[in-house]
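So this block is target-v1.cif, mmCIF, C-alpha atoms and all ligand atoms:
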data_final
#
loop_
_atom_site.label_atom_id
_atom_site.label_comp_id
_atom_site.auth_asym_id
_atom_site.auth_seq_id
_atom_site.Cartn_x
_atom_site.Cartn_y
_atom_site.Cartn_z
CA MET E 1 -109.38 60.90 67.83
CA THR E 2 -109.03 57.56 69.57
CA GLU E 3 -106.33 56.78 72.05
CA LEU E 4 -104.70 54.51 69.42
CA ASP E 5 -104.58 57.34 66.87
CA THR E 6 -102.89 59.59 69.42
CA LEU E 7 -100.29 56.98 70.18
CA LYS E 8 -99.74 56.34 66.49
CA SER E 9 -99.14 59.95 65.57
CA ALA E 10 -96.84 60.37 68.58
CA LEU E 11 -94.78 57.33 67.57
CA LEU E 12 -94.67 58.32 63.87
CA ALA E 13 -93.42 61.74 64.92
CA GLU E 14 -90.70 60.17 67.06
CA ILE E 15 -89.70 57.89 64.19
CA ALA E 16 -89.47 60.79 61.77
CA GLY E 17 -87.48 62.78 64.32
CA ALA E 18 -84.88 60.03 65.03
CA GLY E 19 -81.62 61.43 63.65
CA ASN E 20 -79.37 58.40 63.80
CA GLU E 21 -79.35 54.61 64.19
CA ALA E 22 -79.08 54.76 67.98
CA ALA E 23 -82.10 57.08 68.22
CA ILE E 24 -84.32 54.91 66.01
CA GLU E 25 -83.33 51.85 68.02
CA ALA E 26 -84.41 53.70 71.18
CA VAL E 27 -87.82 54.42 69.59
CA ARG E 28 -88.17 50.76 68.59
CA VAL E 29 -87.52 49.62 72.16
CA SER E 30 -89.94 52.19 73.62
CA ALA E 31 -92.74 51.00 71.27
CA LEU E 32 -92.13 47.35 70.44
CA GLY E 33 -89.76 46.22 73.21
CA LYS E 34 -90.99 43.97 76.03
CA LYS E 35 -92.35 46.92 77.99
CA GLY E 36 -92.96 49.11 74.94
CA SER E 37 -96.18 51.14 74.53
CA VAL E 38 -97.52 48.96 71.67
CA SER E 39 -96.53 45.72 73.39
CA GLU E 40 -98.38 46.80 76.54
CA LEU E 41 -101.54 47.30 74.44
CA LEU E 42 -101.17 43.85 72.90
CA LYS E 43 -101.06 42.38 76.41
CA THR E 44 -104.59 43.72 77.09
CA LEU E 45 -106.07 41.48 74.35
CA GLY E 46 -106.22 38.52 76.73
CA SER E 47 -108.71 40.18 79.06
CA MET E 48 -111.12 41.29 76.29
CA THR E 49 -114.39 39.75 75.27
CA PRO E 50 -114.37 38.07 71.83
CA GLU E 51 -116.32 41.01 70.29
CA GLU E 52 -114.01 43.62 71.75
CA ARG E 53 -111.02 41.67 70.55
CA GLN E 54 -112.37 41.58 67.01
CA ASN E 55 -112.38 45.35 66.65
CA ARG E 56 -109.80 46.61 69.05
CA GLY E 57 -107.47 43.63 68.53
CA ALA E 58 -107.36 44.22 64.79
CA ALA E 59 -106.74 47.91 65.37
CA ILE E 60 -103.84 47.26 67.78
CA ASN E 61 -102.27 44.74 65.38
CA ALA E 62 -102.62 47.18 62.51
CA LEU E 63 -100.88 49.81 64.66
CA LYS E 64 -98.07 47.37 65.42
CA THR E 65 -97.56 46.56 61.72
CA GLU E 66 -97.58 50.22 60.74
CA ILE E 67 -95.09 51.21 63.43
CA THR E 68 -92.81 48.23 62.60
CA ASP E 69 -92.79 49.16 58.90
CA ALA E 70 -92.16 52.82 59.66
CA ILE E 71 -89.21 51.93 61.92
CA THR E 72 -87.72 49.58 59.31
CA ALA E 73 -88.02 52.23 56.60
CA ARG E 74 -86.45 54.90 58.82
CA LYS E 75 -83.64 52.54 59.78
CA THR E 76 -82.76 51.95 56.12
CA VAL E 77 -82.69 55.68 55.45
CA LEU E 78 -80.47 56.34 58.49
CA LYS E 79 -78.11 53.48 57.63
CA ASP E 80 -77.59 54.78 54.10
CA ALA E 81 -77.02 58.26 55.46
CA ALA E 82 -74.43 56.95 57.94
CA ILE E 83 -72.56 55.15 55.15
CA ASN E 84 -72.61 58.27 53.00
CA ASP E 85 -71.26 60.34 55.88
CA ARG E 86 -68.41 57.88 56.44
CA LEU E 87 -67.59 57.81 52.75
CA LYS E 88 -67.34 61.59 52.79
CA ALA E 89 -65.29 61.77 55.99
CA GLU E 90 -62.92 58.82 55.52
CA THR E 91 -61.20 59.51 52.27
CA LEU E 92 -58.21 57.26 51.65
CA ASP E 93 -55.43 58.43 49.33
CA VAL E 94 -54.32 55.17 47.74
CA SER E 95 -51.45 56.96 46.02
CA LEU E 96 -49.73 57.74 49.38
CA PRO E 97 -46.58 55.62 49.98
CA VAL E 98 -47.02 52.93 52.66
CA ARG E 99 -45.19 53.85 55.86
CA SER E 100 -42.76 51.06 56.79
CA SER E 101 -43.23 49.37 60.15
CA PRO E 102 -40.77 49.95 63.03
CA ALA E 103 -39.47 46.40 62.49
CA GLU E 104 -38.60 47.42 58.92
CA ARG E 105 -37.11 50.80 59.77
CA GLY E 106 -35.01 49.77 62.80
CA ARG E 107 -31.42 48.73 62.29
CA ILE E 108 -29.18 46.18 64.01
CA HIS E 109 -25.86 47.64 65.15
CA PRO E 110 -22.86 46.13 63.32
CA ILE E 111 -21.41 44.88 66.63
CA SER E 112 -24.59 42.91 67.34
CA GLN E 113 -24.59 41.64 63.76
CA ILE E 114 -20.93 40.52 63.97
CA THR E 115 -21.59 38.81 67.31
CA ASP E 116 -24.49 36.91 65.73
CA GLU E 117 -22.38 35.99 62.69
CA ILE E 118 -19.52 34.69 64.85
CA THR E 119 -21.92 32.80 67.10
CA ALA E 120 -23.52 31.16 64.05
CA ILE E 121 -20.13 30.07 62.67
CA PHE E 122 -18.78 28.60 65.91
CA ALA E 123 -22.09 27.05 66.95
CA ASP E 124 -21.97 25.15 63.66
CA MET E 125 -18.53 23.81 64.66
CA GLY E 126 -19.88 22.58 68.01
CA PHE E 127 -18.85 25.50 70.24
CA SER E 128 -21.05 27.03 72.96
CA ILE E 129 -21.16 30.63 74.14
CA ALA E 130 -19.73 31.62 77.53
CA GLU E 131 -19.88 34.95 79.34
CA GLY E 132 -18.30 36.60 82.36
CA PRO E 133 -18.51 39.87 84.30
CA ASP E 134 -17.25 43.21 82.94
CA VAL E 135 -16.11 44.23 86.44
CA GLU E 136 -13.44 41.65 87.14
CA THR E 137 -11.04 40.83 89.94
CA ASP E 138 -7.33 41.37 89.51
CA TYR E 139 -7.03 37.62 90.07
CA TYR E 140 -9.10 36.51 87.05
CA ASN E 141 -7.98 39.34 84.78
CA PHE E 142 -4.25 38.84 85.45
CA THR E 143 -2.99 36.43 88.14
CA ALA E 144 -4.97 33.37 87.07
CA LEU E 145 -3.79 34.00 83.52
CA ASN E 146 -0.16 33.72 84.56
CA PHE E 147 0.65 37.46 84.65
CA PRO E 148 3.30 37.60 87.40
CA GLU E 149 2.79 40.21 90.20
CA GLY E 150 4.36 43.49 89.16
CA HIS E 151 5.10 42.20 85.66
CA PRO E 152 5.09 44.90 82.93
CA ALA E 153 2.48 42.91 80.95
CA ARG E 154 -0.07 44.20 83.46
CA GLU E 155 0.86 47.77 82.59
CA MET E 156 0.60 47.01 78.86
CA HIS E 157 -3.12 46.61 79.24
CA ASP E 158 -3.80 50.28 80.20
CA THR E 159 -6.16 49.01 82.86
CA PHE E 160 -9.03 50.96 84.41
CA PHE E 161 -8.78 50.30 88.16
CA PHE E 162 -11.59 50.83 90.67
CA GLN E 163 -10.95 52.36 94.09
CA PRO E 164 -10.08 49.61 96.58
CA ASP E 165 -13.21 48.18 98.26
CA GLU E 166 -13.68 47.70 102.04
CA LYS E 167 -11.48 44.56 101.92
CA GLY E 168 -8.76 46.53 100.15
CA GLU E 169 -9.40 44.69 96.88
CA ARG E 170 -8.99 46.72 93.73
CA LYS E 171 -11.38 45.50 91.00
CA VAL E 172 -10.73 46.29 87.33
CA LEU E 173 -12.79 46.73 84.19
CA ARG E 174 -11.71 43.59 82.37
CA THR E 175 -9.03 44.38 79.80
CA HIS E 176 -9.76 41.26 77.74
CA THR E 177 -12.23 38.37 77.55
CA SER E 178 -9.52 35.86 78.62
CA PRO E 179 -10.59 35.81 82.32
CA VAL E 180 -13.67 33.85 81.21
CA GLN E 181 -11.27 31.02 80.22
CA VAL E 182 -10.43 30.28 83.86
CA ARG E 183 -13.99 30.96 85.06
CA THR E 184 -15.24 28.35 82.57
CA MET E 185 -12.58 25.77 83.49
CA GLU E 186 -13.63 26.14 87.12
CA ALA E 187 -17.30 25.73 86.24
CA GLN E 188 -17.32 22.83 83.80
CA GLU E 189 -15.47 19.61 83.04
CA PRO E 190 -13.47 19.17 79.83
CA PRO E 191 -13.94 18.73 76.95
CA ILE E 192 -14.53 22.49 76.67
CA ARG E 193 -15.32 24.24 73.41
CA ILE E 194 -16.45 27.81 73.97
CA VAL E 195 -16.42 31.22 72.39
CA ILE E 196 -16.69 34.30 74.58
CA PRO E 197 -17.93 37.51 72.95
CA GLY E 198 -18.02 40.56 75.20
CA LYS E 199 -17.11 44.10 76.14
CA THR E 200 -13.56 44.94 77.19
CA TYR E 201 -11.95 48.18 78.45
CA ARG E 202 -8.61 49.96 78.14
CA GLN E 203 -7.50 53.57 78.49
CA ASP E 204 -7.05 54.25 74.80
CA SER E 205 -8.88 56.38 72.24
CA ASP E 206 -8.19 57.14 68.57
CA ALA E 207 -9.61 56.16 65.15
CA THR E 208 -8.94 52.46 65.78
CA HIS E 209 -9.15 52.34 69.60
CA SER E 210 -12.01 53.12 71.94
CA PRO E 211 -11.91 52.85 75.76
CA MET E 212 -14.74 50.32 75.54
CA PHE E 213 -14.38 47.79 72.76
CA HIS E 214 -15.33 44.18 72.04
CA GLN E 215 -13.42 40.95 71.84
CA VAL E 216 -14.26 37.40 71.04
CA GLU E 217 -12.24 34.73 72.75
CA GLY E 218 -12.11 31.03 71.93
CA LEU E 219 -11.07 28.14 74.14
CA VAL E 220 -10.76 24.42 73.48
CA ILE E 221 -9.62 22.02 76.21
CA ASP E 222 -9.43 18.27 75.94
CA LYS E 223 -6.72 15.62 76.12
CA LYS E 224 -5.31 15.97 72.62
CA ALA E 225 -6.10 19.44 71.21
CA HIS E 226 -3.07 20.71 69.28
CA VAL E 227 -1.82 23.59 67.14
CA GLY E 228 -2.99 21.84 63.96
CA ASN E 229 -6.58 21.89 65.29
CA LEU E 230 -6.18 25.54 66.23
CA ARG E 231 -5.03 26.41 62.75
CA TRP E 232 -7.92 24.54 61.12
CA VAL E 233 -10.53 26.17 63.36
CA LEU E 234 -9.18 29.65 62.64
CA GLU E 235 -8.94 29.06 58.89
CA GLU E 236 -12.48 27.72 58.68
CA PHE E 237 -13.69 30.65 60.74
CA CYS E 238 -11.96 33.25 58.54
CA LYS E 239 -13.21 31.71 55.29
CA THR E 240 -16.80 31.64 56.51
CA PHE E 241 -16.67 35.04 58.19
CA PHE E 242 -15.07 36.90 55.30
CA GLU E 243 -17.17 34.88 52.83
CA VAL E 244 -14.22 33.78 50.64
CA ASP E 245 -13.23 30.33 49.33
CA SER E 246 -9.71 30.34 50.73
CA VAL E 247 -7.54 32.39 53.07
CA VAL E 248 -3.81 32.30 53.55
CA MET E 249 -2.79 32.72 57.20
CA ARG E 250 0.60 33.39 58.71
CA PHE E 251 1.42 32.36 62.28
CA ARG E 252 4.15 34.54 63.78
CA PRO E 253 5.76 33.66 67.12
CA SER E 254 4.67 36.08 69.83
CA PHE E 255 4.26 36.36 73.59
CA PHE E 256 1.20 36.22 75.84
CA PRO E 257 1.58 35.16 79.49
CA PHE E 258 -1.37 32.76 79.20
CA THR E 259 -0.24 30.77 76.15
CA GLU E 260 2.91 28.82 75.31
CA PRO E 261 3.77 28.78 72.47
CA SER E 262 2.00 32.01 71.47
CA PHE E 263 1.33 33.32 67.98
CA GLU E 264 0.02 36.36 66.25
CA VAL E 265 -1.97 35.55 63.14
CA ASP E 266 -1.96 37.60 59.95
CA ILE E 267 -4.19 36.99 56.97
CA GLN E 268 -3.25 37.70 53.42
CA CYS E 269 -5.11 40.59 51.86
CA ASP E 270 -5.19 43.20 49.15
CA ARG E 271 -5.13 46.75 50.44
CA SER E 272 -4.72 48.52 47.09
CA GLY E 273 -8.43 49.46 46.79
CA PRO E 274 -10.72 51.42 49.12
CA ILE E 275 -11.83 48.21 50.88
CA VAL E 276 -9.45 45.54 52.16
CA LYS E 277 -9.99 42.27 50.26
CA PHE E 278 -9.18 38.90 51.79
CA GLY E 279 -8.17 35.70 50.03
CA GLU E 280 -6.05 37.63 47.52
CA GLY E 281 -3.24 40.20 47.30
CA THR E 282 0.26 40.39 48.76
CA ASP E 283 -0.30 42.34 51.99
CA TRP E 284 -0.71 40.93 55.49
CA MET E 285 -3.04 42.06 58.22
CA GLU E 286 -2.86 41.03 61.86
CA ILE E 287 -6.22 39.80 63.10
CA LEU E 288 -5.73 37.85 66.32
CA GLY E 289 -3.53 36.38 69.02
CA CYS E 290 -3.56 32.71 69.97
CA GLY E 291 -1.59 29.80 71.35
CA MET E 292 -1.59 26.64 73.44
CA VAL E 293 -3.03 27.25 76.91
CA HIS E 294 -0.18 27.70 79.43
CA PRO E 295 0.08 24.91 82.04
CA ASN E 296 -0.22 27.52 84.81
CA VAL E 297 -3.56 28.67 83.37
CA LEU E 298 -4.81 25.07 83.32
CA ARG E 299 -3.74 24.80 86.98
CA SER E 300 -5.61 28.05 87.80
CA GLY E 301 -8.70 26.42 86.30
CA GLY E 302 -8.23 23.34 88.47
CA LEU E 303 -7.03 21.10 85.62
CA ASP E 304 -3.99 18.85 85.59
CA PRO E 305 -1.65 19.95 82.75
CA ASP E 306 -0.33 16.38 82.50
CA GLU E 307 -3.82 15.24 81.62
CA TYR E 308 -5.34 18.14 79.72
CA GLN E 309 -4.18 20.54 77.05
CA GLY E 310 -5.85 23.06 74.83
CA PHE E 311 -5.67 26.15 72.69
CA ALA E 312 -7.12 29.62 72.86
CA TRP E 313 -7.39 32.72 70.77
CA GLY E 314 -8.65 36.27 71.12
CA MET E 315 -9.52 38.88 68.57
CA GLY E 316 -10.93 42.39 68.41
CA LEU E 317 -14.52 42.15 67.32
CA ASP E 318 -14.79 45.84 66.37
CA ARG E 319 -11.63 45.53 64.32
CA ILE E 320 -12.84 42.61 62.23
CA ALA E 321 -16.21 44.37 61.82
CA MET E 322 -14.36 47.41 60.45
CA LEU E 323 -12.42 45.15 58.08
CA LYS E 324 -15.41 43.19 56.86
CA TYR E 325 -17.77 46.10 56.33
CA GLY E 326 -15.27 48.85 55.42
CA MET E 327 -16.05 51.14 58.38
CA PRO E 328 -13.15 53.58 58.71
CA ASP E 329 -13.49 55.03 62.25
CA LEU E 330 -14.14 52.94 65.35
CA ARG E 331 -15.41 55.93 67.34
CA ASP E 332 -18.48 56.15 65.05
CA PHE E 333 -19.58 52.77 66.41
CA PHE E 334 -20.43 54.31 69.75
CA ASN E 335 -21.67 57.78 68.76
CA ALA E 336 -25.34 56.72 68.48
CA ASP E 337 -25.68 58.62 65.19
CA VAL E 338 -28.86 57.52 63.42
CA ARG E 339 -27.46 58.41 59.99
CA TRP E 340 -24.47 56.13 60.57
CA MET E 341 -26.80 53.36 61.77
CA ASN E 342 -29.00 53.74 58.71
CA HIS E 343 -25.94 53.40 56.51
CA TYR E 344 -24.02 50.61 58.27
CA GLY E 345 -26.79 48.90 60.27
CA PHE E 346 -28.44 45.63 59.29
CA ARG E 347 -32.06 44.80 58.64
CA PRO E 348 -33.56 43.38 61.84
CA LEU E 349 -35.37 40.45 60.29
CA ASP E 350 -32.38 39.14 58.31
CA MET E 351 -30.78 36.95 60.95
CA PRO E 352 -27.28 35.71 60.06
CA THR E 353 -27.24 31.94 59.50
CA LEU E 354 -24.85 29.67 57.63
CA PHE E 355 -27.58 28.41 55.31
CA GLY E 356 -29.35 31.74 54.81
CA GLY E 357 -26.20 33.85 54.45
CA LEU E 358 -24.25 35.76 57.07
CA SER E 359 -24.42 39.30 55.79
CA GLN E 360 -27.22 39.75 53.28
N1 LIG R 401 -6.20 38.51 75.62
C1 LIG R 401 -5.33 38.95 74.55
C2 LIG R 401 -5.42 40.45 74.40
O1 LIG R 401 -6.39 41.03 74.77
C3 LIG R 401 -5.72 38.29 73.25
C4 LIG R 401 -5.41 36.84 73.25
C5 LIG R 401 -4.20 36.37 72.79
C6 LIG R 401 -6.31 35.94 73.74
C7 LIG R 401 -3.87 35.06 72.79
C8 LIG R 401 -6.01 34.57 73.75
C9 LIG R 401 -4.77 34.15 73.27
O2 LIG R 401 -6.85 33.64 74.19
O3 LIG R 401 -4.47 32.82 73.26
O4 LIG R 401 -4.53 41.05 73.89
#
Write out the structure in this file as structure tokens.
Ligand code: DAH
Amino acid sequence: MTELDTLKSALLAEIAGAGNEAAIEAVRVSALGKKGSVSELLKTLGSMTPEERQNRGAAINALKTEITDAITARKTVLKDAAINDRLKAETLDVSLPVRSSPAERGRIHPISQITDEITAIFADMGFSIAEGPDVETDYYNFTALNFPEGHPAREMHDTFFFQPDEKGERKVLRTHTSPVQVRTMEAQEPPIRIVIPGKTYRQDSDATHSPMFHQVEGLVIDKKAHVGNLRWVLEEFCKTFFEVDSVVMRFRPSFFPFTEPSFEVDIQCDRSGPIVKFGEGTDWMEILGCGMVHPNVLRSGGLDPDEYQGFAWGMGLDRIAMLKYGMPDLRDFFNADVRWMNHYGFRPLDMPTLFGGLSQ
């Protein structure tokens, strides 16, 4: 047997023995690659005499062709086998239900939804959003808002007080979003048109009160803002928010230290069914407090009450969420119960907009 025959049978044996595509590729490289055994033989052709080349050259080329064909054939077999193996292993049950993505399954909490709805409504009317700290000074929470020292109105708020700090100052958890009124007046020039959604705190807990709750405050300051403007803004808000064509509102005289005159606003509703309906019926429901900003509050904000005037309002966000979506117990809002969220939560990709709909 010649040396070529030996090499050939060795290579054919290797080819037959290659069990997968990687193995056959390794054989190809070892025979036909740059430094492969067959390639090395081909390189010797150059140093042969013409006669030698005629015999041996033809034999080497024949070997190369045979090995190339054998490798190609083996590769095809192995490729088919690999596909068959995958087909057997990777069965796909097309009748299984598609699992929804996290973005589909997650839910937006009603408080976040209501905040987005309110923001969309007031942004459309030209308002911006303002925010302030939850841990507030006694000054911004009370004094700057015209609560006299030692006045019982301070007690009415069931305030959470912190221990006095090193300077003897006793901070509070803000009892309302109104402190952001003065903070905003200090920070920006009129005209001011802002809404302030945020967390508020009072020592109170039952089906309609929670120690942490949410309010949304509104403030408009310019040279001519008046009660008629206030009434229009609130009516437009209520119609859009409750998604009804008309609402009837009742302004009752009231008292807040930071507004003069002050009002409490009721909206007409029908409470005969399981869900309160607005825009119809003969009942009234209180939804917010409002009034013209007190001159002392304007002064606290660094504004001259002879030059500027304005109106403000504040309402319980959780409360109007309960009304709009028929949620009976406020405490459920903060229990982190997935079943409640699945029932009352909102689909994450349906963002509330005035053109797309607030509460699809
Ligand atoms: N801060 C008041 C409260 O928490 C609500 C309120 C009433 C806010 C009248 C206002 C307002 O801005 O004008 O009870």
Listed atoms of ligand LIG 401 (chain R) boxed axis-aligned with 6 Å per side, centre + edges as JSON:
{"center_x": -5.4, "center_y": 36.9, "center_z": 74.2, "size_x": 15.0, "size_y": 20.2, "size_z": 14.8}
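Minimum atom-to-atom distance to ligand LIG 401 (chain R), evaluated using all atoms listed in the file, belongs to E:Gln215 out of E:Gln215, E:Ser37, E:Gln163, E:Thr119.
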Check every protein, DNA and RNA residue against ligand LIG 401 (chain R), keep those with an atom at most 9 Å away (counting all atoms listed in the file), and present them as a ChimeraX atom specification. /E:157,175-179,181,200,215-219,255-260,262-264,288-293,311-316
Residues at most 8 Å from region 232-249 of chain E, counting all atoms listed in the file, excluding those fewer than 4 positions away in the same chain, as an mmCIF file with C-alpha atoms, in the coordinates of the input?
data_model
loop_
_atom_site.group_PDB
_atom_site.id
_atom_site.type_symbol
_atom_site.label_atom_id
_atom_site.label_comp_id
_atom_site.auth_asym_id
_atom_site.auth_seq_id
_atom_site.Cartn_x
_atom_site.Cartn_y
_atom_site.Cartn_z
ATOM 1 C CA GLU E 117 -22.380 35.990 62.690
ATOM 2 C CA ILE E 118 -19.520 34.690 64.850
ATOM 3 C CA ILE E 121 -20.130 30.070 62.670
ATOM 4 C CA PHE E 122 -18.780 28.600 65.910
ATOM 5 C CA GLY E 228 -2.990 21.840 63.960
ATOM 6 C CA VAL E 265 -1.970 35.550 63.140
ATOM 7 C CA ASP E 266 -1.960 37.600 59.950
ATOM 8 C CA ILE E 267 -4.190 36.990 56.970
ATOM 9 C CA GLN E 268 -3.250 37.700 53.420
ATOM 10 C CA PHE E 278 -9.180 38.900 51.790
ATOM 11 C CA GLY E 279 -8.170 35.700 50.030
ATOM 12 C CA GLU E 280 -6.050 37.630 47.520
ATOM 13 C CA LYS E 324 -15.410 43.190 56.860
ATOM 14 C CA LEU E 358 -24.250 35.760 57.070
#
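Atom pair CA of Ala89 (chain E) / CA of Ala23 (chain E) has a distance of 21.3 Å (rounded to one decimal).
The smallest atom-to-atom distance between Leu330 (chain E) and any of E:Ser210, E:Thr2, E:Ser47, E:Thr65, using only C-alpha atoms, is found for E:Ser210.
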Of E:Arg56, E:His294, E:Lys64, E:Lys75, the one sitting nearest Ala16 (chain E) when using all atoms listed in the file is E:Lys75
Out of E:Tyr308, E:Phe251, E:Phe213, E:Phe142, which residue has the shortest atom-to-atom distance to Trp284 (chain E) when counting all atoms listed in the file? E:Phe251
Proximity to Thr115 (chain E) - best of E:Ile67, E:Ser254, E:Gly198, E:Phe333, all atoms listed in the file: E:Gly198
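A straight line drawn from CA of Glu189 (chain E) to CA of Glu136 (chain E) is 22.5 Å long.
Between CA of Asn296 (chain E) and CA of Phe147 (chain E) there is a distance of 10.0 Å.
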Could you please give me, as an mmCIF file with C-alpha atoms, in the frame of the given file, the residues of protein, DNA or RNA lying at most 6 Å from (-17.2, 34.1, 76.2) in the coordinate frame of the file, considering only C-alpha atoms?
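Contents of the output file part_31.cif:
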data_model
loop_
_atom_site.group_PDB
_atom_site.id
_atom_site.type_symbol
_atom_site.label_atom_id
_atom_site.label_comp_id
_atom_site.auth_asym_id
_atom_site.auth_seq_id
_atom_site.Cartn_x
_atom_site.Cartn_y
_atom_site.Cartn_z
ATOM 1 C CA ILE E 129 -21.160 30.630 74.140
ATOM 2 C CA ALA E 130 -19.730 31.620 77.530
ATOM 3 C CA GLU E 131 -19.880 34.950 79.340
ATOM 4 C CA VAL E 195 -16.420 31.220 72.390
ATOM 5 C CA ILE E 196 -16.690 34.300 74.580
ATOM 6 C CA PRO E 197 -17.930 37.510 72.950
#
As an MDAnalysis selection string, please: the residues near Ala18 (chain E) (cut-off 9 Å, all atoms listed in the file, same-chain neighbours under 6 positions excluded). chainID E and resid 24:27 74 78
Could you list, as a compact mmCIF listing (two decimals) with C-alpha atoms, keeping the file's coordinate frame, every residue within 8 Å of Gly281 (chain E), counting only C-alpha atoms and ignoring same-chain residues fewer than 5 positions away?
# COMPACT_ATOMS: atom_id res chain seq x y z
CA GLN E 268 -3.25 37.70 53.42
CA CYS E 269 -5.11 40.59 51.86
CA ASP E 270 -5.19 43.20 49.15
CA ARG E 271 -5.13 46.75 50.44
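The smallest atom-to-atom distance between Gly357 (chain E) and any of E:Asp306, E:Asp222, E:Glu155, E:Asp116, using only C-alpha atoms, is found for E:Asp116.
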